Amino acid sequence: MAMAMAATLGDRALGRRAVSTLVVGIVAALAFTFLLGTFIEVNPLVPELRNRTIVHPADIALALACGAAGVLAFSQGASLSLGGVMIAVALVPPIAAAGLFLGSGEEMLGFRALFLLATNLVCINVAGIITFLVQGLPPRNWRITSGAFLSWLAILLLFVGLVGGRFAVDGNITLFSESGPLPAG
């Protein structure tokens, strides 16, 4: 939420603090799950893990909804935990899957989970900026706000193009592990 608010307001100091907090949180979660993945057997066929290695259009819609719901909860004075839960739904599962896969030696699956994380993070920021603006949060500097929004939107469109192109070309995404291709669907 702080990244979306910083982009909406055009507040660089808040943006730096938000990015550093996000990086610390992601690194801590990845480190913990990486260590866990080195000590336990990780089965890439488990649907809960496998589903965190594929970006479906529904994942993009869910992350956009989570970003908007998080901002609405924050700005309407609802419980801050509600906003945290909405964001955690989109960010924590792919971080955990990435760490487990990377720790167990399934690097490709780990990187695919990180792609889902990146997609969700971009969606949350796009939806957050739009929601803050629709609610009337006034930017301090429209140039910074529009630049940040257009950057997030361009990344989102690139990711949507990659996801859409994969579905259009392949029709059925496959995952790869040491035992060969796994059906995604």
# chains A, B, ... in the order shown; residues from 1 in each chain; ligands from 1
call {"tool": "residues_around", "arguments": {"residues": "Phe111 (chain A)", "least_positions_apart": "6", "cutoff": "9 Å", "atoms": "only C-alpha atoms", "output": "PyMOL selection string"}}
result
chain A and resi 53+98+101-102
call {"tool": "write_last_selection", "arguments": {"atoms": "N, CA and C atoms", "output": "PDB file, in the first residue's frame"}}
result
ATOM      1  N   THR A  53       3.446 -21.483  -9.878  1.00  0.00           N
ATOM      2  CA  THR A  53       4.477 -21.371 -10.905  1.00  0.00           C
ATOM      3  C   THR A  53       3.894 -20.983 -12.252  1.00  0.00           C
ATOM      4  N   ALA A  98       8.451 -20.028  -4.208  1.00  0.00           N
ATOM      5  CA  ALA A  98       9.764 -19.752  -4.803  1.00  0.00           C
ATOM      6  C   ALA A  98      10.878 -20.210  -3.879  1.00  0.00           C
ATOM      7  N   PHE A 101      10.995 -24.079  -3.734  1.00  0.00           N
ATOM      8  CA  PHE A 101      11.541 -24.650  -4.967  1.00  0.00           C
ATOM      9  C   PHE A 101      13.041 -24.374  -5.101  1.00  0.00           C
ATOM     10  N   LEU A 102      13.453 -23.150  -4.831  1.00  0.00           N
ATOM     11  CA  LEU A 102      14.870 -22.814  -4.954  1.00  0.00           C
ATOM     12  C   LEU A 102      15.701 -23.603  -3.944  1.00  0.00           C
TER      13      LEU A 102
END
call {"tool": "closest_atom_pairs", "arguments": {"of": "region 44-145 of chain A", "to": "region 150-155 of chain A", "cutoff": "10 Å", "atoms": "only C-alpha atoms", "output": "CSV"}}
result
residue,atom,partner,partner_atom,distance
A:Ala118,CA,A:Ile155,CA,9.7
A:Thr119,CA,A:Ile155,CA,8.6
A:Leu121,CA,A:Trp152,CA,9.6
A:Val122,CA,A:Trp152,CA,6.1
A:Cys123,CA,A:Trp152,CA,8.1
A:Ile124,CA,A:Trp152,CA,9.7
A:Asn125,CA,A:Trp152,CA,7.1
A:Val126,CA,A:Trp152,CA,6.1
A:Ala127,CA,A:Leu153,CA,9.7
A:Ile129,CA,A:Trp152,CA,9.6
A:Ile144,CA,A:Leu150,CA,9.9
A:Thr145,CA,A:Leu150,CA,8.5
call {"tool": "closest_residue", "arguments": {"among": "A:Leu30, A:Leu162, A:Met1, A:Ile130", "to": "Ala96 (chain A)", "atoms": "only C-alpha atoms"}}
result
A:Leu30
call {"tool": "closest_residue", "arguments": {"among": "A:Ala68, A:Leu117, A:Leu62, A:Leu45", "to": "Ala4 (chain A)", "atoms": "only C-alpha atoms"}}
result
A:Ala68
call {"tool": "atom_distance", "arguments": {"atom1": "CA of Pro139 (chain A)", "atom2": "CA of Ala7 (chain A)"}}
result
8.4 Å
call {"tool": "closest_residue", "arguments": {"among": "A:Gly105, A:Gly84, A:Gly67, A:Gly77", "to": "Asn43 (chain A)", "atoms": "only C-alpha atoms"}}
result
A:Gly105
call {"tool": "closest_residue", "arguments": {"among": "A:Leu100, A:Leu158, A:Ala28, A:Leu137", "to": "Val42 (chain A)", "atoms": "only C-alpha atoms"}}
result
A:Leu100
call {"tool": "atom_distance", "arguments": {"atom1": "CA of Val27 (chain A)", "atom2": "CA of Ala58 (chain A)"}}
result
26.3 Å
call {"tool": "residues_around", "arguments": {"residues": "region 13-25 of chain A", "least_positions_apart": "6", "cutoff": "7 Å", "atoms": "only C-alpha atoms", "output": "short mmCIF file (atom, residue, chain, number, x, y, z; two decimals) with C-alpha atoms, in the first residue's frame"}}
result
data_model
loop_
_atom_site.label_atom_id
_atom_site.label_comp_id
_atom_site.auth_asym_id
_atom_site.auth_seq_id
_atom_site.Cartn_x
_atom_site.Cartn_y
_atom_site.Cartn_z
CA ALA A 2 2.85 2.38 0.81
CA MET A 3 4.33 1.93 -2.68
CA ALA A 6 3.97 6.98 -2.66
CA ALA A 7 3.41 6.74 -6.41
#
call {"tool": "select_by_dssp", "arguments": {"residues": "chain A", "states": "helix (DSSP H, G or I)", "output": "ChimeraX atom specification"}}
result
/A:2-9,12-39,47-53,57-75,80-103,107-134,142-170
call {"tool": "atom_distance", "arguments": {"atom1": "CA of Ala65 (chain A)", "atom2": "CA of Val85 (chain A)"}}
result
12.3 Å
call {"tool": "residues_around", "arguments": {"residues": "Arg112 (chain A)", "least_positions_apart": "3", "cutoff": "7 Å", "atoms": "only C-alpha atoms", "output": "PDB file with C-alpha atoms, in the first residue's frame"}}
result
ATOM      1  CA  THR A  53       4.477 -21.371 -10.905  1.00  0.00           C
ATOM      2  CA  ILE A  54       1.923 -20.380 -13.534  1.00  0.00           C
ATOM      3  CA  MET A 108      13.135 -23.079 -12.943  1.00  0.00           C
ATOM      4  CA  LEU A 109      10.012 -23.576 -10.829  1.00  0.00           C
ATOM      5  CA  PHE A 115       7.434 -14.211 -11.916  1.00  0.00           C
ATOM      6  CA  LEU A 116       3.997 -14.694 -10.321  1.00  0.00           C
TER       7      LEU A 116
END
call {"tool": "select_by_dssp", "arguments": {"residues": "chain A", "states": "strand (DSSP E)", "output": "mmCIF file with all heavy atoms, in the first residue's frame"}}
result
data_model
loop_
_atom_site.group_PDB
_atom_site.id
_atom_site.type_symbol
_atom_site.label_atom_id
_atom_site.label_comp_id
_atom_site.auth_asym_id
_atom_site.auth_seq_id
_atom_site.Cartn_x
_atom_site.Cartn_y
_atom_site.Cartn_z
ATOM 1 N N THR A 174 3.274 -26.032 -19.835
ATOM 2 C CA THR A 174 3.917 -27.143 -19.145
ATOM 3 C C THR A 174 4.993 -26.604 -18.232
ATOM 4 O O THR A 174 5.587 -25.558 -18.483
ATOM 5 C CB THR A 174 4.569 -28.131 -20.138
ATOM 6 O OG1 THR A 174 5.491 -27.418 -20.955
ATOM 7 C CG2 THR A 174 3.535 -28.805 -21.003
ATOM 8 N N LEU A 175 5.211 -27.333 -17.171
ATOM 9 C CA LEU A 175 6.270 -27.002 -16.234
ATOM 10 C C LEU A 175 7.363 -28.035 -16.408
ATOM 11 O O LEU A 175 7.107 -29.153 -16.814
ATOM 12 C CB LEU A 175 5.745 -27.056 -14.802
ATOM 13 C CG LEU A 175 4.568 -26.145 -14.509
ATOM 14 C CD1 LEU A 175 4.084 -26.370 -13.090
ATOM 15 C CD2 LEU A 175 4.972 -24.711 -14.695
ATOM 16 N N PHE A 176 8.577 -27.683 -16.068
ATOM 17 C CA PHE A 176 9.672 -28.614 -16.231
ATOM 18 C C PHE A 176 10.344 -28.877 -14.896
ATOM 19 O O PHE A 176 10.576 -27.974 -14.125
ATOM 20 C CB PHE A 176 10.700 -28.056 -17.219
ATOM 21 C CG PHE A 176 10.117 -27.885 -18.587
ATOM 22 C CD1 PHE A 176 9.600 -26.662 -18.980
ATOM 23 C CD2 PHE A 176 10.039 -28.957 -19.457
ATOM 24 C CE1 PHE A 176 9.038 -26.512 -20.234
ATOM 25 C CE2 PHE A 176 9.475 -28.803 -20.704
ATOM 26 C CZ PHE A 176 8.984 -27.589 -21.099
ATOM 27 N N SER A 177 10.636 -30.119 -14.653
ATOM 28 C CA SER A 177 11.407 -30.517 -13.487
ATOM 29 C C SER A 177 12.389 -31.588 -13.938
ATOM 30 O O SER A 177 12.469 -31.903 -15.122
ATOM 31 C CB SER A 177 10.486 -31.051 -12.384
ATOM 32 O OG SER A 177 10.018 -32.337 -12.718
ATOM 33 N N GLY A 180 10.979 -34.337 -16.126
ATOM 34 C CA GLY A 180 10.399 -34.007 -17.432
ATOM 35 C C GLY A 180 9.229 -33.058 -17.296
ATOM 36 O O GLY A 180 8.976 -32.505 -16.233
ATOM 37 N N PRO A 181 8.472 -32.860 -18.384
ATOM 38 C CA PRO A 181 7.392 -31.903 -18.350
ATOM 39 C C PRO A 181 6.233 -32.388 -17.461
ATOM 40 O O PRO A 181 5.942 -33.566 -17.398
ATOM 41 C CB PRO A 181 6.950 -31.786 -19.807
ATOM 42 C CG PRO A 181 7.610 -32.871 -20.542
ATOM 43 C CD PRO A 181 8.676 -33.446 -19.691
ATOM 44 N N LEU A 182 5.629 -31.424 -16.769
ATOM 45 C CA LEU A 182 4.468 -31.702 -15.957
ATOM 46 C C LEU A 182 3.300 -30.951 -16.548
ATOM 47 O O LEU A 182 3.435 -29.772 -16.858
ATOM 48 C CB LEU A 182 4.702 -31.202 -14.528
ATOM 49 C CG LEU A 182 5.933 -31.716 -13.793
ATOM 50 C CD1 LEU A 182 6.130 -30.903 -12.515
ATOM 51 C CD2 LEU A 182 5.773 -33.168 -13.475
ATOM 52 N N PRO A 183 2.136 -31.556 -16.702
ATOM 53 C CA PRO A 183 0.994 -30.802 -17.224
ATOM 54 C C PRO A 183 0.581 -29.742 -16.213
ATOM 55 O O PRO A 183 0.565 -29.999 -15.022
ATOM 56 C CB PRO A 183 -0.093 -31.864 -17.401
ATOM 57 C CG PRO A 183 0.316 -33.006 -16.565
ATOM 58 C CD PRO A 183 1.817 -32.933 -16.409
#
call {"tool": "closest_residue", "arguments": {"among": "A:Leu9, A:Ala29, A:Ile95, A:Leu64", "to": "Arg52 (chain A)", "atoms": "only C-alpha atoms"}}
result
A:Ile95
call {"tool": "closest_residue", "arguments": {"among": "A:His56, A:Phe34, A:Phe132, A:Glu41", "to": "Gly164 (chain A)", "atoms": "only C-alpha atoms"}}
result
A:His56
call {"tool": "decode", "arguments": {"residues": "region 44-99 of chain A", "atoms": "C-alpha atoms", "output": "PDB file, in the first residue's frame"}}
result
ATOM      1  CA  PRO A  44       6.569 -30.137  -7.438  1.00  0.00           C
ATOM      2  CA  LEU A  45       3.393 -32.085  -8.245  1.00  0.00           C
ATOM      3  CA  VAL A  46       1.568 -30.746  -5.174  1.00  0.00           C
ATOM      4  CA  PRO A  47      -1.145 -28.512  -6.695  1.00  0.00           C
ATOM      5  CA  GLU A  48      -0.722 -25.757  -4.091  1.00  0.00           C
ATOM      6  CA  LEU A  49       2.920 -25.380  -5.108  1.00  0.00           C
ATOM      7  CA  ARG A  50       2.518 -26.075  -8.818  1.00  0.00           C
ATOM      8  CA  ASN A  51      -0.202 -23.428  -9.141  1.00  0.00           C
ATOM      9  CA  ARG A  52       2.260 -20.811  -7.856  1.00  0.00           C
ATOM     10  CA  THR A  53       4.477 -21.371 -10.905  1.00  0.00           C
ATOM     11  CA  ILE A  54       1.923 -20.380 -13.534  1.00  0.00           C
ATOM     12  CA  VAL A  55       0.424 -16.945 -14.108  1.00  0.00           C
ATOM     13  CA  HIS A  56      -3.155 -17.303 -15.283  1.00  0.00           C
ATOM     14  CA  PRO A  57      -5.377 -14.390 -16.276  1.00  0.00           C
ATOM     15  CA  ALA A  58      -7.386 -15.133 -13.120  1.00  0.00           C
ATOM     16  CA  ASP A  59      -4.237 -14.515 -11.036  1.00  0.00           C
ATOM     17  CA  ILE A  60      -3.915 -11.073 -12.598  1.00  0.00           C
ATOM     18  CA  ALA A  61      -7.574 -10.303 -11.869  1.00  0.00           C
ATOM     19  CA  LEU A  62      -7.173 -11.510  -8.258  1.00  0.00           C
ATOM     20  CA  ALA A  63      -4.072  -9.377  -7.688  1.00  0.00           C
ATOM     21  CA  LEU A  64      -5.804  -6.299  -9.141  1.00  0.00           C
ATOM     22  CA  ALA A  65      -8.789  -6.943  -6.847  1.00  0.00           C
ATOM     23  CA  CYS A  66      -6.477  -7.412  -3.849  1.00  0.00           C
ATOM     24  CA  GLY A  67      -4.752  -4.106  -4.561  1.00  0.00           C
ATOM     25  CA  ALA A  68      -8.042  -2.232  -4.858  1.00  0.00           C
ATOM     26  CA  ALA A  69      -9.494  -3.935  -1.762  1.00  0.00           C
ATOM     27  CA  GLY A  70      -6.354  -3.192   0.224  1.00  0.00           C
ATOM     28  CA  VAL A  71      -6.547   0.518  -0.631  1.00  0.00           C
ATOM     29  CA  LEU A  72     -10.277   0.628   0.094  1.00  0.00           C
ATOM     30  CA  ALA A  73      -9.765  -1.030   3.481  1.00  0.00           C
ATOM     31  CA  PHE A  74      -6.904   1.354   4.259  1.00  0.00           C
ATOM     32  CA  SER A  75      -8.637   4.539   3.121  1.00  0.00           C
ATOM     33  CA  GLN A  76     -12.066   3.741   4.578  1.00  0.00           C
ATOM     34  CA  GLY A  77     -10.656   3.160   8.059  1.00  0.00           C
ATOM     35  CA  ALA A  78     -11.394  -0.563   8.014  1.00  0.00           C
ATOM     36  CA  SER A  79      -9.170  -2.879   9.933  1.00  0.00           C
ATOM     37  CA  LEU A  80      -5.593  -2.617   8.688  1.00  0.00           C
ATOM     38  CA  SER A  81      -5.409  -6.394   8.986  1.00  0.00           C
ATOM     39  CA  LEU A  82      -8.005  -6.710   6.211  1.00  0.00           C
ATOM     40  CA  GLY A  83      -5.733  -4.815   3.831  1.00  0.00           C
ATOM     41  CA  GLY A  84      -2.785  -6.899   4.980  1.00  0.00           C
ATOM     42  CA  VAL A  85      -4.690 -10.112   4.360  1.00  0.00           C
ATOM     43  CA  MET A  86      -5.696  -9.013   0.858  1.00  0.00           C
ATOM     44  CA  ILE A  87      -2.102  -8.220  -0.044  1.00  0.00           C
ATOM     45  CA  ALA A  88      -0.763 -11.350   1.650  1.00  0.00           C
ATOM     46  CA  VAL A  89      -3.116 -13.472  -0.468  1.00  0.00           C
ATOM     47  CA  ALA A  90      -1.325 -12.234  -3.581  1.00  0.00           C
ATOM     48  CA  LEU A  91       2.271 -12.036  -2.343  1.00  0.00           C
ATOM     49  CA  VAL A  92       3.035 -14.653   0.311  1.00  0.00           C
ATOM     50  CA  PRO A  93       2.113 -17.869  -1.583  1.00  0.00           C
ATOM     51  CA  PRO A  94       4.426 -17.197  -4.562  1.00  0.00           C
ATOM     52  CA  ILE A  95       7.257 -16.082  -2.234  1.00  0.00           C
ATOM     53  CA  ALA A  96       6.896 -19.266  -0.186  1.00  0.00           C
ATOM     54  CA  ALA A  97       6.720 -21.469  -3.285  1.00  0.00           C
ATOM     55  CA  ALA A  98       9.764 -19.752  -4.803  1.00  0.00           C
ATOM     56  CA  GLY A  99      11.819 -20.271  -1.657  1.00  0.00           C
TER      57      GLY A  99
END
